[in-house]
$ cat coords_1.pdb   # PDB, C-alpha atoms
ATOM      1  CA  MET A  88       6.516  21.971  35.179  1.00  0.00           C
ATOM      2  CA  SER A  89       3.358  21.156  37.114  1.00  0.00           C
ATOM      3  CA  GLU A  90       2.266  17.702  38.226  1.00  0.00           C
ATOM      4  CA  THR A  91      -0.386  17.391  35.502  1.00  0.00           C
ATOM      5  CA  GLU A  92       2.003  18.067  32.608  1.00  0.00           C
ATOM      6  CA  THR A  93       3.770  15.112  31.080  1.00  0.00           C
ATOM      7  CA  PRO A  94       7.280  15.541  29.758  1.00  0.00           C
ATOM      8  CA  LEU A  95       7.773  15.480  26.012  1.00  0.00           C
ATOM      9  CA  PRO A  96       9.039  12.178  24.674  1.00  0.00           C
ATOM     10  CA  HIS A  97      12.739  12.053  23.971  1.00  0.00           C
ATOM     11  CA  PRO A  98      13.740  11.489  20.373  1.00  0.00           C
ATOM     12  CA  ILE A  99      14.675   7.918  19.567  1.00  0.00           C
ATOM     13  CA  THR A 100      18.441   7.512  19.715  1.00  0.00           C
ATOM     14  CA  ILE A 101      18.536   3.994  18.256  1.00  0.00           C
ATOM     15  CA  ALA A 102      17.210   3.177  14.806  1.00  0.00           C
ATOM     16  CA  PRO A 103      13.796   1.441  14.782  1.00  0.00           C
ATOM     17  CA  ASP A 104      13.559  -2.048  13.317  1.00  0.00           C
ATOM     18  CA  TYR A 105      11.485  -1.148  10.257  1.00  0.00           C
ATOM     19  CA  CYS A 106      11.701  -4.651   8.764  1.00  0.00           C
ATOM     20  CA  GLY A 107      10.551  -6.233  12.009  1.00  0.00           C
ATOM     21  CA  LEU A 108       7.681  -3.769  12.337  1.00  0.00           C
ATOM     22  CA  VAL A 109       6.393  -4.355   8.806  1.00  0.00           C
ATOM     23  CA  THR A 110       6.777  -8.127   9.209  1.00  0.00           C
ATOM     24  CA  TYR A 111       4.796  -7.967  12.456  1.00  0.00           C
ATOM     25  CA  LEU A 112       2.011  -5.948  10.790  1.00  0.00           C
ATOM     26  CA  VAL A 113       1.753  -7.887   7.493  1.00  0.00           C
ATOM     27  CA  LYS A 114       2.223 -11.514   8.603  1.00  0.00           C
ATOM     28  CA  PRO A 115      -1.249 -11.950  10.189  1.00  0.00           C
ATOM     29  CA  PHE A 116      -2.889 -11.236   6.818  1.00  0.00           C
ATOM     30  CA  LEU A 117      -0.946 -13.920   4.952  1.00  0.00           C
ATOM     31  CA  GLU A 118      -2.187 -17.437   4.338  1.00  0.00           C
ATOM     32  CA  SER A 119       1.414 -18.532   3.760  1.00  0.00           C
ATOM     33  CA  PRO A 120       3.568 -16.335   6.045  1.00  0.00           C
ATOM     34  CA  ASP A 121       6.756 -18.061   4.852  1.00  0.00           C
ATOM     35  CA  SER A 122       6.341 -16.320   1.477  1.00  0.00           C
ATOM     36  CA  LEU A 123       6.831 -12.868   3.057  1.00  0.00           C
ATOM     37  CA  LYS A 124      10.015 -11.067   2.052  1.00  0.00           C
ATOM     38  CA  VAL A 125      10.852  -7.680   3.598  1.00  0.00           C
ATOM     39  CA  ASP A 126      13.787  -5.499   2.556  1.00  0.00           C
ATOM     40  CA  CYS A 127      14.709  -2.204   4.205  1.00  0.00           C
ATOM     41  CA  GLU A 128      17.028   0.564   2.986  1.00  0.00           C
ATOM     42  CA  VAL A 129      17.892   3.466   5.282  1.00  0.00           C
ATOM     43  CA  SER A 130      19.627   6.282   3.444  1.00  0.00           C
ATOM     44  CA  PRO A 131      22.398   7.724   5.635  1.00  0.00           C
ATOM     45  CA  ARG A 132      22.655  11.019   3.703  1.00  0.00           C
ATOM     46  CA  SER A 133      18.953  11.770   3.384  1.00  0.00           C
ATOM     47  CA  SER A 134      16.341  11.035   5.971  1.00  0.00           C
ATOM     48  CA  ARG A 135      14.513   8.447   3.850  1.00  0.00           C
ATOM     49  CA  VAL A 136      13.610   4.889   4.708  1.00  0.00           C
ATOM     50  CA  LEU A 137      12.455   2.577   1.921  1.00  0.00           C
ATOM     51  CA  VAL A 138      10.751  -0.676   2.899  1.00  0.00           C
ATOM     52  CA  ARG A 139       9.919  -3.232   0.211  1.00  0.00           C
ATOM     53  CA  VAL A 140       7.468  -6.049   0.877  1.00  0.00           C
ATOM     54  CA  ALA A 141       6.861  -9.050  -1.383  1.00  0.00           C
ATOM     55  CA  PHE A 142       4.474 -11.973  -0.884  1.00  0.00           C
ATOM     56  CA  GLU A 143       2.395 -14.491  -2.822  1.00  0.00           C
ATOM     57  CA  GLY A 144      -0.143 -13.003  -5.213  1.00  0.00           C
ATOM     58  CA  GLU A 145      -3.182 -14.724  -3.701  1.00  0.00           C
ATOM     59  CA  ASP A 146      -2.599 -12.944  -0.370  1.00  0.00           C
ATOM     60  CA  LYS A 147      -2.692  -9.421  -1.768  1.00  0.00           C
ATOM     61  CA  GLY A 148      -6.458  -9.025  -1.266  1.00  0.00           C
ATOM     62  CA  ARG A 149      -6.170  -9.665   2.452  1.00  0.00           C
ATOM     63  CA  VAL A 150      -3.069  -7.479   2.851  1.00  0.00           C
ATOM     64  CA  PHE A 151      -4.634  -4.553   1.030  1.00  0.00           C
ATOM     65  CA  GLY A 152      -8.075  -4.963   2.580  1.00  0.00           C
ATOM     66  CA  ARG A 153     -11.314  -3.412   1.453  1.00  0.00           C
ATOM     67  CA  GLY A 154     -10.554  -0.150  -0.288  1.00  0.00           C
ATOM     68  CA  GLY A 155      -6.872  -0.438   0.664  1.00  0.00           C
ATOM     69  CA  ARG A 156      -7.575   0.178   4.354  1.00  0.00           C
ATOM     70  CA  ASN A 157      -5.154  -2.435   5.704  1.00  0.00           C
ATOM     71  CA  ILE A 158      -2.166  -1.339   3.643  1.00  0.00           C
ATOM     72  CA  GLN A 159      -2.898   2.315   4.376  1.00  0.00           C
ATOM     73  CA  ALA A 160      -2.958   1.578   8.124  1.00  0.00           C
ATOM     74  CA  ILE A 161       0.383  -0.244   7.829  1.00  0.00           C
ATOM     75  CA  ARG A 162       1.859   2.727   5.941  1.00  0.00           C
ATOM     76  CA  THR A 163       0.532   5.125   8.583  1.00  0.00           C
ATOM     77  CA  VAL A 164       2.144   3.184  11.447  1.00  0.00           C
ATOM     78  CA  LEU A 165       5.429   2.931   9.527  1.00  0.00           C
ATOM     79  CA  GLN A 166       5.423   6.665   8.767  1.00  0.00           C
ATOM     80  CA  ALA A 167       4.639   7.540  12.385  1.00  0.00           C
ATOM     81  CA  ILE A 168       7.567   5.474  13.718  1.00  0.00           C
ATOM     82  CA  ALA A 169       9.879   6.962  11.093  1.00  0.00           C
ATOM     83  CA  GLN A 170       8.731  10.482  11.926  1.00  0.00           C
ATOM     84  CA  VAL A 171       9.567   9.987  15.612  1.00  0.00           C
ATOM     85  CA  ALA A 172      13.058   8.925  14.488  1.00  0.00           C
ATOM     86  CA  GLY A 173      13.338  12.018  12.253  1.00  0.00           C
ATOM     87  CA  LYS A 174      12.944  10.101   8.979  1.00  0.00           C
ATOM     88  CA  THR A 175      10.356   9.727   6.228  1.00  0.00           C
ATOM     89  CA  ALA A 176       9.257   6.210   5.322  1.00  0.00           C
ATOM     90  CA  HIS A 177       7.977   4.778   2.053  1.00  0.00           C
ATOM     91  CA  LEU A 178       6.457   1.330   1.683  1.00  0.00           C
ATOM     92  CA  GLU A 179       6.508  -0.480  -1.666  1.00  0.00           C
ATOM     93  CA  VAL A 180       4.458  -3.646  -2.080  1.00  0.00           C
ATOM     94  CA  PHE A 181       5.208  -6.289  -4.694  1.00  0.00           C
ATOM     95  CA  GLY A 182       2.946  -9.244  -5.418  1.00  0.00           C
ATOM     96  CA  GLY A 183       3.831 -12.622  -6.859  1.00  0.00           C
ATOM     97  CA  GLN A 184       2.484 -13.972 -10.093  1.00  0.00           C
ATOM     98  CA  PRO A 185      -0.435 -16.269  -9.358  1.00  0.00           C
ATOM     99  CA  GLU A 186      -0.715 -19.257 -11.663  1.00  0.00           C
ATOM    100  CA  ARG A 187      -3.741 -19.665 -13.878  1.00  0.00           C
ATOM    101  CA  GLU A 188      -5.797 -22.815 -13.986  1.00  0.00           C
ATOM    102  CA  ASP A 189      -4.054 -23.869 -17.193  1.00  0.00           C
ATOM    103  CA  GLY A 190      -0.646 -23.726 -15.443  1.00  0.00           C
ATOM    104  CA  SER A 191       0.645 -20.577 -17.146  1.00  0.00           C
ATOM    105  CA  GLU A 192       1.578 -17.479 -15.191  1.00  0.00           C
ATOM    106  CA  ASP A 193      -0.452 -14.293 -15.335  1.00  0.00           C
ATOM    107  CA  GLN A 194       1.748 -11.574 -16.862  1.00  0.00           C
ATOM    108  CA  SER A 195      -0.623  -8.718 -15.970  1.00  0.00           C
ATOM    109  CA  ASP A 196       0.232  -8.900 -12.244  1.00  0.00           C
ATOM    110  CA  ASP A 197       3.960  -8.169 -12.656  1.00  0.00           C
ATOM    111  CA  ARG A 198       3.698  -4.559 -11.540  1.00  0.00           C
ATOM    112  CA  ARG A 199       3.984  -2.852  -8.203  1.00  0.00           C
ATOM    113  CA  LEU A 200       0.883  -3.036  -6.068  1.00  0.00           C
ATOM    114  CA  GLY A 201      -0.583  -0.121  -4.176  1.00  0.00           C
ATOM    115  CA  GLU A 202       0.541   2.447  -6.704  1.00  0.00           C
ATOM    116  CA  PRO A 203      -1.992   4.405  -8.753  1.00  0.00           C
ATOM    117  CA  GLN A 204      -2.531   2.917 -12.177  1.00  0.00           C
ATOM    118  CA  ALA A 205      -3.526   4.786 -15.324  1.00  0.00           C
ATOM    119  CA  SER A 206      -7.262   4.807 -15.788  1.00  0.00           C
ATOM    120  CA  PRO A 207      -8.655   3.104 -18.870  1.00  0.00           C
ATOM    121  CA  PRO A 208      -9.829   5.331 -21.723  1.00  0.00           C
ATOM    122  CA  PRO A 209     -13.497   6.342 -21.550  1.00  0.00           C
ATOM    123  CA  ARG A 210     -15.858   4.021 -23.360  1.00  0.00           C
ATOM    124  CA  ALA A 211     -17.902   5.260 -26.264  1.00  0.00           C
ATOM    125  CA  SER A 212     -21.570   5.598 -25.525  1.00  0.00           C
ATOM    126  CA  THR A 213     -23.800   2.949 -27.089  1.00  0.00           C
ATOM    127  CA  HIS A 214     -26.897   5.120 -26.745  1.00  0.00           C
ATOM    128  CA  SER A 215     -27.926   7.556 -29.435  1.00  0.00           C
ATOM    129  CA  PRO A 216     -28.688  11.132 -28.395  1.00  0.00           C
ATOM    130  CA  PRO A 217     -32.317  11.846 -27.556  1.00  0.00           C
ATOM    131  CA  LYS A 218     -34.534  12.956 -30.396  1.00  0.00           C
ATOM    132  CA  PRO A 219     -35.909  16.489 -30.184  1.00  0.00           C
ATOM    133  CA  ARG A 220     -39.518  16.759 -29.117  1.00  0.00           C
ATOM    134  CA  PRO A 221     -42.007  18.284 -31.532  1.00  0.00           C
ATOM    135  CA  ARG A 222     -43.117  21.792 -30.572  1.00  0.00           C
ATOM    136  CA  LEU A 223     -46.769  22.325 -29.745  1.00  0.00           C
ATOM    137  CA  LYS A 224     -48.497  25.050 -31.720  1.00  0.00           C
ATOM    138  CA  GLU A 225     -50.364  27.608 -29.724  1.00  0.00           C
TER     139      GLU A 225
END

$ encode --input "coords_1.pdb" --output "structure tokens"
Amino acid sequence: MSETETPLPHPITIAPDYCGLVTYLVKPFLESPDSLKVDCEVSPRSSRVLVRVAFEGEDKGRVFGRGGRNIQAIRTVLQAIAQVAGKTAHLEVFGGQPEREDGSEDQSDDRRLGEPQASPPPRASTHSPPKPRPRLKE
């Protein structure tokens, strides 16, 4: 090995703290950081790591960011750390149910966040088709 070559990094022999990492990355986006709940499952038989994150519903816009950039960056960092440890990581995000102004809870927000949702059916066109133009006689 020459002086300019750097040695390859050694594989991680201790398990990374996935919960601590996700907490560190998500907490700055939260208005109420005490609402953050992180759960981590490392499967001993397979090489999967499942991290679940839950927080108040009003914070989800900041956590996800414009176009989902923030949550995608968090997933990328988590996957990179897991890959170094020889695992694959998956991050699931759950949001709370924000209360409406009338005091009732919004039932439409009780699903997992960050997962693709079914697209709504196409809307019927309100415009009539164009009328044919009269032909000019030559």

$ closest_residue --input "coords_1.pdb" --among "A:Val164, A:Asp121, A:Gly154, A:Arg132" --to "Val109 of chain A" --atoms "only C-alpha atoms"
A:Val164

$ closest_residue --input "coords_1.pdb" --among "A:Pro219, A:Pro115, A:Pro103, A:Pro131" --to "Arg149 of chain A" --atoms "all atoms listed in the file"
A:Pro115

$ closest_residue --input "coords_1.pdb" --among "A:Gly152, A:Leu137, A:Phe116, A:Val129" --to "Ala102 of chain A" --atoms "all atoms listed in the file"
A:Val129

$ residues_around --input "coords_1.pdb" --residues "Lys174 of chain A" --least-positions-apart "6" --cutoff "8 Å" --atoms "all atoms listed in the file" --output "PyMOL selection string"
chain A and resi 134-136

$ atom_distance --input "coords_1.pdb" --atom1 "atom CA of Lys147 of chain A" --atom2 "atom CA of Tyr111 of chain A"
16.1 Å

$ atom_distance --input "coords_1.pdb" --atom1 "atom CA of Gly182 of chain A" --atom2 "atom CA of Asp104 of chain A"
22.7 Å

$ residues_around --input "coords_1.pdb" --residues "Ala141 of chain A" --least-positions-apart "3" --cutoff "8 Å" --atoms "only C-alpha atoms" --output "PyMOL selection string"
chain A and resi 122-125+180-183

$ residues_near_point --input "coords_1.pdb" --point "(-1.3, -1.0, -0.1)" --cutoff "9 Å" --atoms "only C-alpha atoms" --output "JSON list (two decimals) with C-alpha atoms, keeping the file's coordinate frame"
[["chain", "number", "residue", "atom", "x", "y", "z"],
["A", 147, "LYS", "CA", -2.69, -9.42, -1.77],
["A", 150, "VAL", "CA", -3.07, -7.48, 2.85],
["A", 151, "PHE", "CA", -4.63, -4.55, 1.03],
["A", 152, "GLY", "CA", -8.07, -4.96, 2.58],
["A", 155, "GLY", "CA", -6.87, -0.44, 0.66],
["A", 156, "ARG", "CA", -7.58, 0.18, 4.35],
["A", 157, "ASN", "CA", -5.15, -2.44, 5.70],
["A", 158, "ILE", "CA", -2.17, -1.34, 3.64],
["A", 159, "GLN", "CA", -2.90, 2.32, 4.38],
["A", 160, "ALA", "CA", -2.96, 1.58, 8.12],
["A", 161, "ILE", "CA", 0.38, -0.24, 7.83],
["A", 162, "ARG", "CA", 1.86, 2.73, 5.94],
["A", 178, "LEU", "CA", 6.46, 1.33, 1.68],
["A", 179, "GLU", "CA", 6.51, -0.48, -1.67],
["A", 180, "VAL", "CA", 4.46, -3.65, -2.08],
["A", 200, "LEU", "CA", 0.88, -3.04, -6.07],
["A", 201, "GLY", "CA", -0.58, -0.12, -4.18],
["A", 202, "GLU", "CA", 0.54, 2.45, -6.70]]

$ axis_aligned_box --input "coords_1.pdb" --around "segment 214-221 of chain A" --padding-each-side "3 Å" --output "AutoDock Vina command-line options"
--center_x -34.5 --center_y 11.7 --center_z -29.1 --size_x 21.1 --size_y 19.2 --size_z 10.8

$ residues_around --input "coords_1.pdb" --residues "Tyr105 of chain A" --least-positions-apart "4" --cutoff "9 Å" --atoms "all atoms listed in the file" --output "list of chain:residue names"
A:Val109, A:Thr110, A:Cys127, A:Val136, A:Val138, A:Leu165, A:Ile168, A:Ala169

$ atom_distance --input "coords_1.pdb" --atom1 "atom CA of Gly148 of chain A" --atom2 "atom CA of Lys114 of chain A"
13.4 Å

$ closest_residue --input "coords_1.pdb" --among "A:Asp146, A:Arg153, A:His177, A:Leu223" --to "Pro120 of chain A" --atoms "only C-alpha atoms"
A:Asp146

$ build_atoms --input "coords_1.pdb" --residues "segment 99-120 of chain A" --atoms "N, CA and C atoms" --output "short mmCIF file (atom, residue, chain, number, x, y, z; two decimals), in the coordinates of the input"
data_model
loop_
_atom_site.label_atom_id
_atom_site.label_comp_id
_atom_site.auth_asym_id
_atom_site.auth_seq_id
_atom_site.Cartn_x
_atom_site.Cartn_y
_atom_site.Cartn_z
N ILE A 99 14.10 9.25 19.56
CA ILE A 99 14.68 7.92 19.57
C ILE A 99 16.15 8.03 19.18
N THR A 100 17.01 7.45 20.01
CA THR A 100 18.44 7.51 19.72
C THR A 100 18.92 6.28 18.96
N ILE A 101 18.18 5.17 19.03
CA ILE A 101 18.54 3.99 18.26
C ILE A 101 17.57 3.88 17.08
N ALA A 102 18.05 3.30 16.00
CA ALA A 102 17.21 3.18 14.81
C ALA A 102 16.13 2.12 15.03
N PRO A 103 14.88 2.44 14.67
CA PRO A 103 13.80 1.44 14.78
C PRO A 103 14.03 0.28 13.83
N ASP A 104 13.48 -0.86 14.17
CA ASP A 104 13.56 -2.05 13.32
C ASP A 104 12.37 -2.01 12.35
N TYR A 105 12.57 -1.32 11.22
CA TYR A 105 11.48 -1.15 10.26
C TYR A 105 11.06 -2.48 9.65
N CYS A 106 12.03 -3.34 9.34
CA CYS A 106 11.70 -4.65 8.76
C CYS A 106 10.88 -5.48 9.74
N GLY A 107 11.28 -5.48 10.99
CA GLY A 107 10.55 -6.23 12.01
C GLY A 107 9.14 -5.70 12.21
N LEU A 108 9.00 -4.38 12.17
CA LEU A 108 7.68 -3.77 12.34
C LEU A 108 6.75 -4.15 11.20
N VAL A 109 7.23 -4.03 9.96
CA VAL A 109 6.39 -4.36 8.81
C VAL A 109 6.07 -5.85 8.79
N THR A 110 7.03 -6.68 9.13
CA THR A 110 6.78 -8.13 9.21
C THR A 110 5.69 -8.42 10.23
N TYR A 111 5.78 -7.78 11.39
CA TYR A 111 4.80 -7.97 12.46
C TYR A 111 3.39 -7.54 12.01
N LEU A 112 3.31 -6.47 11.22
CA LEU A 112 2.01 -5.95 10.79
C LEU A 112 1.42 -6.71 9.61
N VAL A 113 2.25 -7.24 8.72
CA VAL A 113 1.75 -7.89 7.49
C VAL A 113 1.48 -9.38 7.69
N LYS A 114 2.31 -10.05 8.47
CA LYS A 114 2.22 -11.51 8.60
C LYS A 114 0.83 -12.04 8.97
N PRO A 115 0.08 -11.41 9.86
CA PRO A 115 -1.25 -11.95 10.19
C PRO A 115 -2.22 -12.01 9.01
N PHE A 116 -2.00 -11.24 7.98
CA PHE A 116 -2.89 -11.24 6.82
C PHE A 116 -2.56 -12.34 5.82
N LEU A 117 -1.41 -12.97 5.95
CA LEU A 117 -0.95 -13.92 4.95
C LEU A 117 -1.39 -15.34 5.25
N GLU A 118 -1.83 -16.03 4.21
CA GLU A 118 -2.19 -17.44 4.34
C GLU A 118 -0.92 -18.28 4.41
N SER A 119 0.12 -17.85 3.70
CA SER A 119 1.41 -18.53 3.76
C SER A 119 2.47 -17.52 4.21
N PRO A 120 2.65 -17.35 5.53
CA PRO A 120 3.57 -16.34 6.04
C PRO A 120 5.02 -16.56 5.65
#
